[in-house]
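Written below as structure tokens is the structure these notes are about.
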Amino acid sequence: MTPLAQLLEAALFASGAPATVEALAALDPEASAEQVRAALDELRCHYDEAGHGVELVEVAGGWQVLTRPEYTAAIERAQLASRPHRLSAAALETLALIAYRQPITRADIEEIRGVSAGSILKSLLERGLVDVVGKADVLGRPLLYATTPAFLEHFSLRHLGELPRADELAVALRSPVTA
Amino acid sequence: MTVAADLASRAHAFEESPVPQPAGVPAAEHGAGATFVVDLGHFNGPLDLLLTLLREEQIDIYDIPIARVAEQFLARIQSLRLDEAADYLEMAARLLRIKAQMLLPRRDGDEAWDDPRAELVRRLLEYQQIREVVDLLEARAELRRARFARPPLPATDRLPAATPAPLAAALADLLGAVDRVLRMTRGPIVHTVIPRALDVAGALDAARLLLARRQRVHWGDLVGTQAEPWQILSVLLALLELARLGECVLRQPSPFGGLEIAGTSRGASASHDSAGRVGAPGPPSVFPPTSDITHDTPGAAA
């Protein structure tokens, strides 16, 4: 591996969150963004080809070193790390709404889902998956919610554009509902 | 949703419980008399339930037989004991209103007729879209759940604020600081004892002088009414010293009564040069056997 790739490997190991190319480029004043990208590619190929237990993944606008899925069960059995809880369907629905309609008020979420969303929103806020980004310019100035980088990380998305566009969703087609 | 239903659903609302609950089994069955406890099971609201019904009945979402669906919806929420949850009741009411609107006569070929179901269809489609995204998100979340990052995913996305630069200080700086602090404190605060200017020797002389002249002396004769505490103490110590030396006998005729001091023959022959040093090592007890001093201190009697 090149010295730059080694430097990036160390930085990615130390970083607690996905590191952006810009942040990684700051490691070495000599290196351009292009060189960093090339070194990242080199590191990823190195992990893939040399038989490593970790891999380099692009997520939430940055890069992150993650363990490979085939070792997850063993790691969890040994209680070295535990997987986060699955989100419930209700929390996922709320998140999906916020992802597509952001920024969105709580009232709008509740109108579309047909149920109250207060406690779920609170939990999502606590988890850092959504955040308050402002107040709507309507009566009562309700809070506006939007997704965070942690949301992208949780769903291994590089950016919001990776979600299918609303008009690409199959349901937009007029078709009889089948089981 | 009512408060009770909100509370009941909260346990299941956010994170799936490790043991999946059977759908639609009311938790109220577990405790007789429990008021309103609902296990929402797999339904995430009235729209979800309605969509499930439509799917089961293979109904075209754009042409809902509203009377039939409303009936089934009511039956279902009753069987699931959801018929007290406000969200479900609201949907039931909405269905019945649409049903009533559909019954209103309309002229054939009236293009301007607004389908009362349109709003419901829009909401159902919207909700179904959400469900589709949820499936997608679920699959992607599984991808991420199968991998660990190092360190584990933090609770928030924000990086911790930059830690302050490490201190640049040598051992000498530390010792200097310690020295400064120690100098500031000037050691522990000690209660300073002011020596009492007791004139035991003077009181001894005065008592001996008085006893030489009178056979019997009272406490009040030795201590004036305006006496300062140091004078009282001086006289007391002098009397005790005299009694120890056997130069006088102290008597208290009655409890708490006045103190009588009687001179002895020994006292009359005692030379005046015996210094009244209190606390000086001397014979353990030289009280005359006739002494009947009680434990009540003469000072208290005075």
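We name chains A, B, ... following the order of the structure tokens; residues begin at 1 in each chain, and ligands are numbered from 1 as shown.
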
For chain A against chain B, which residues fall within 7 Å using only C-alpha atoms, given as a ChimeraX atom specification? /A:13,16,65-69,72,83-88,90-93,96-97,112-116,120,127-128,149-150,154-156,169,171,176-179

Just write the chosen residues, N, CA and C atoms, as a CSV table (one decimal), in the first residue's frame.
chain,number,residue,atom,x,y,z
A,13,PHE,N,-9.7,4.1,10.9
A,13,PHE,CA,-9.8,3.3,12.0
A,13,PHE,C,-10.1,4.1,13.3
A,16,GLY,N,-14.8,8.0,14.5
A,16,GLY,CA,-16.0,7.4,15.0
A,16,GLY,C,-17.2,7.5,14.0
A,65,VAL,N,-14.8,2.2,7.8
A,65,VAL,CA,-14.3,0.8,7.8
A,65,VAL,C,-15.3,0.0,8.6
A,66,LEU,N,-15.9,-1.0,8.0
A,66,LEU,CA,-16.9,-1.8,8.7
A,66,LEU,C,-16.5,-3.3,8.7
A,67,THR,N,-16.9,-4.1,9.7
A,67,THR,CA,-16.7,-5.5,9.7
A,67,THR,C,-17.5,-6.1,8.6
A,68,ARG,N,-17.0,-7.3,8.1
A,68,ARG,CA,-17.8,-8.0,7.1
A,68,ARG,C,-19.0,-8.7,7.7
A,69,PRO,N,-20.1,-8.8,7.0
A,69,PRO,CA,-21.3,-9.4,7.6
A,69,PRO,C,-21.1,-10.8,8.0
A,72,THR,N,-20.4,-11.2,11.7
A,72,THR,CA,-21.3,-10.5,12.7
A,72,THR,C,-21.8,-11.4,13.8
A,83,ARG,N,-25.6,-5.7,17.9
A,83,ARG,CA,-26.2,-5.0,16.8
A,83,ARG,C,-27.3,-4.1,17.4
A,84,PRO,N,-27.5,-2.9,16.8
A,84,PRO,CA,-28.5,-2.0,17.3
A,84,PRO,C,-29.9,-2.7,17.1
A,85,HIS,N,-30.9,-2.3,17.9
A,85,HIS,CA,-32.2,-2.8,17.7
A,85,HIS,C,-32.8,-2.4,16.4
A,86,ARG,N,-33.6,-3.3,15.9
A,86,ARG,CA,-34.4,-2.9,14.7
A,86,ARG,C,-35.4,-1.9,15.0
A,87,LEU,N,-35.6,-1.0,14.1
A,87,LEU,CA,-36.6,0.0,14.3
A,87,LEU,C,-38.0,-0.6,14.0
A,88,SER,N,-39.0,-0.2,14.7
A,88,SER,CA,-40.3,-0.8,14.5
A,88,SER,C,-40.9,-0.2,13.2
A,90,ALA,N,-43.6,1.4,12.8
A,90,ALA,CA,-44.1,2.7,13.0
A,90,ALA,C,-43.0,3.7,12.9
A,91,ALA,N,-41.8,3.4,13.5
A,91,ALA,CA,-40.7,4.3,13.5
A,91,ALA,C,-40.2,4.5,12.0
A,92,LEU,N,-40.2,3.3,11.3
A,92,LEU,CA,-39.8,3.3,9.9
A,92,LEU,C,-40.7,4.2,9.0
A,93,GLU,N,-42.0,4.0,9.3
A,93,GLU,CA,-42.9,4.8,8.5
A,93,GLU,C,-42.7,6.3,8.7
A,96,ALA,N,-39.6,7.3,7.0
A,96,ALA,CA,-39.7,7.3,5.5
A,96,ALA,C,-40.4,8.6,5.1
A,97,LEU,N,-41.4,9.0,5.9
A,97,LEU,CA,-42.1,10.2,5.6
A,97,LEU,C,-41.2,11.4,5.7
A,112,ILE,N,-50.7,12.1,7.5
A,112,ILE,CA,-50.5,11.1,6.5
A,112,ILE,C,-50.5,9.7,7.1
A,113,ARG,N,-49.9,9.5,8.3
A,113,ARG,CA,-49.9,8.2,8.9
A,113,ARG,C,-51.2,7.9,9.6
A,114,GLY,N,-52.0,8.9,10.0
A,114,GLY,CA,-53.3,8.6,10.6
A,114,GLY,C,-53.2,8.3,12.1
A,115,VAL,N,-52.0,8.4,12.6
A,115,VAL,CA,-51.9,8.2,14.1
A,115,VAL,C,-50.9,9.2,14.6
A,116,SER,N,-51.0,9.4,16.0
A,116,SER,CA,-50.1,10.4,16.6
A,116,SER,C,-48.6,9.9,16.5
A,120,ILE,N,-42.8,8.6,19.0
A,120,ILE,CA,-41.9,8.1,18.0
A,120,ILE,C,-40.9,9.2,17.6
A,127,ARG,N,-32.3,9.2,19.1
A,127,ARG,CA,-31.3,8.4,18.4
A,127,ARG,C,-30.5,9.2,17.5
A,128,GLY,N,-30.9,10.5,17.2
A,128,GLY,CA,-30.1,11.3,16.3
A,128,GLY,C,-30.4,11.0,14.9
A,149,PRO,N,-27.3,12.9,9.0
A,149,PRO,CA,-26.3,12.0,8.5
A,149,PRO,C,-26.4,10.6,9.2
A,150,ALA,N,-26.8,10.6,10.5
A,150,ALA,CA,-26.9,9.3,11.1
A,150,ALA,C,-28.0,8.4,10.5
A,154,HIS,N,-27.4,4.8,9.2
A,154,HIS,CA,-28.3,3.7,9.7
A,154,HIS,C,-28.8,2.8,8.5
A,155,PHE,N,-29.1,3.5,7.4
A,155,PHE,CA,-29.7,2.7,6.3
A,155,PHE,C,-28.7,2.5,5.2
A,156,SER,N,-27.4,2.6,5.5
A,156,SER,CA,-26.3,2.5,4.6
A,156,SER,C,-26.6,3.2,3.2
A,169,LEU,N,-41.8,5.0,-7.3
A,169,LEU,CA,-42.4,4.0,-6.5
A,169,LEU,C,-43.6,3.3,-7.2
A,171,VAL,N,-46.3,2.1,-6.5
A,171,VAL,CA,-47.7,2.3,-6.2
A,171,VAL,C,-48.3,3.5,-7.0
A,176,PRO,N,-54.8,-2.5,-9.9
A,176,PRO,CA,-55.6,-3.1,-8.8
A,176,PRO,C,-54.6,-3.6,-7.7
A,177,VAL,N,-55.0,-3.5,-6.5
A,177,VAL,CA,-54.2,-4.0,-5.4
A,177,VAL,C,-54.3,-5.5,-5.4
A,178,THR,N,-53.1,-6.1,-5.4
A,178,THR,CA,-53.1,-7.6,-5.3
A,178,THR,C,-52.5,-8.0,-4.0
A,179,ALA,N,-52.8,-9.1,-3.6
A,179,ALA,CA,-52.3,-9.6,-2.3
A,179,ALA,C,-50.8,-9.9,-2.4

Looking at only C-alpha atoms, which of A:Leu8, A:Ala99, A:Leu157, A:Leu43 is the one that sits closest to Glu55 in chain A? A:Leu43

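Note that the spacing between CA of Pro65 in chain B and CA of Ile109 in chain A amounts to 27.4 Å.
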
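The smallest atom-to-atom distance between Ile64 in chain B and any of B:Arg97, B:Arg106, B:Asp179, B:Ala118, using only C-alpha atoms, is found for B:Ala118.
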
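Our summary of the geometry notes that CA of Leu222 in chain B is positioned 6.9 Å from CA of Ala207 in chain B.
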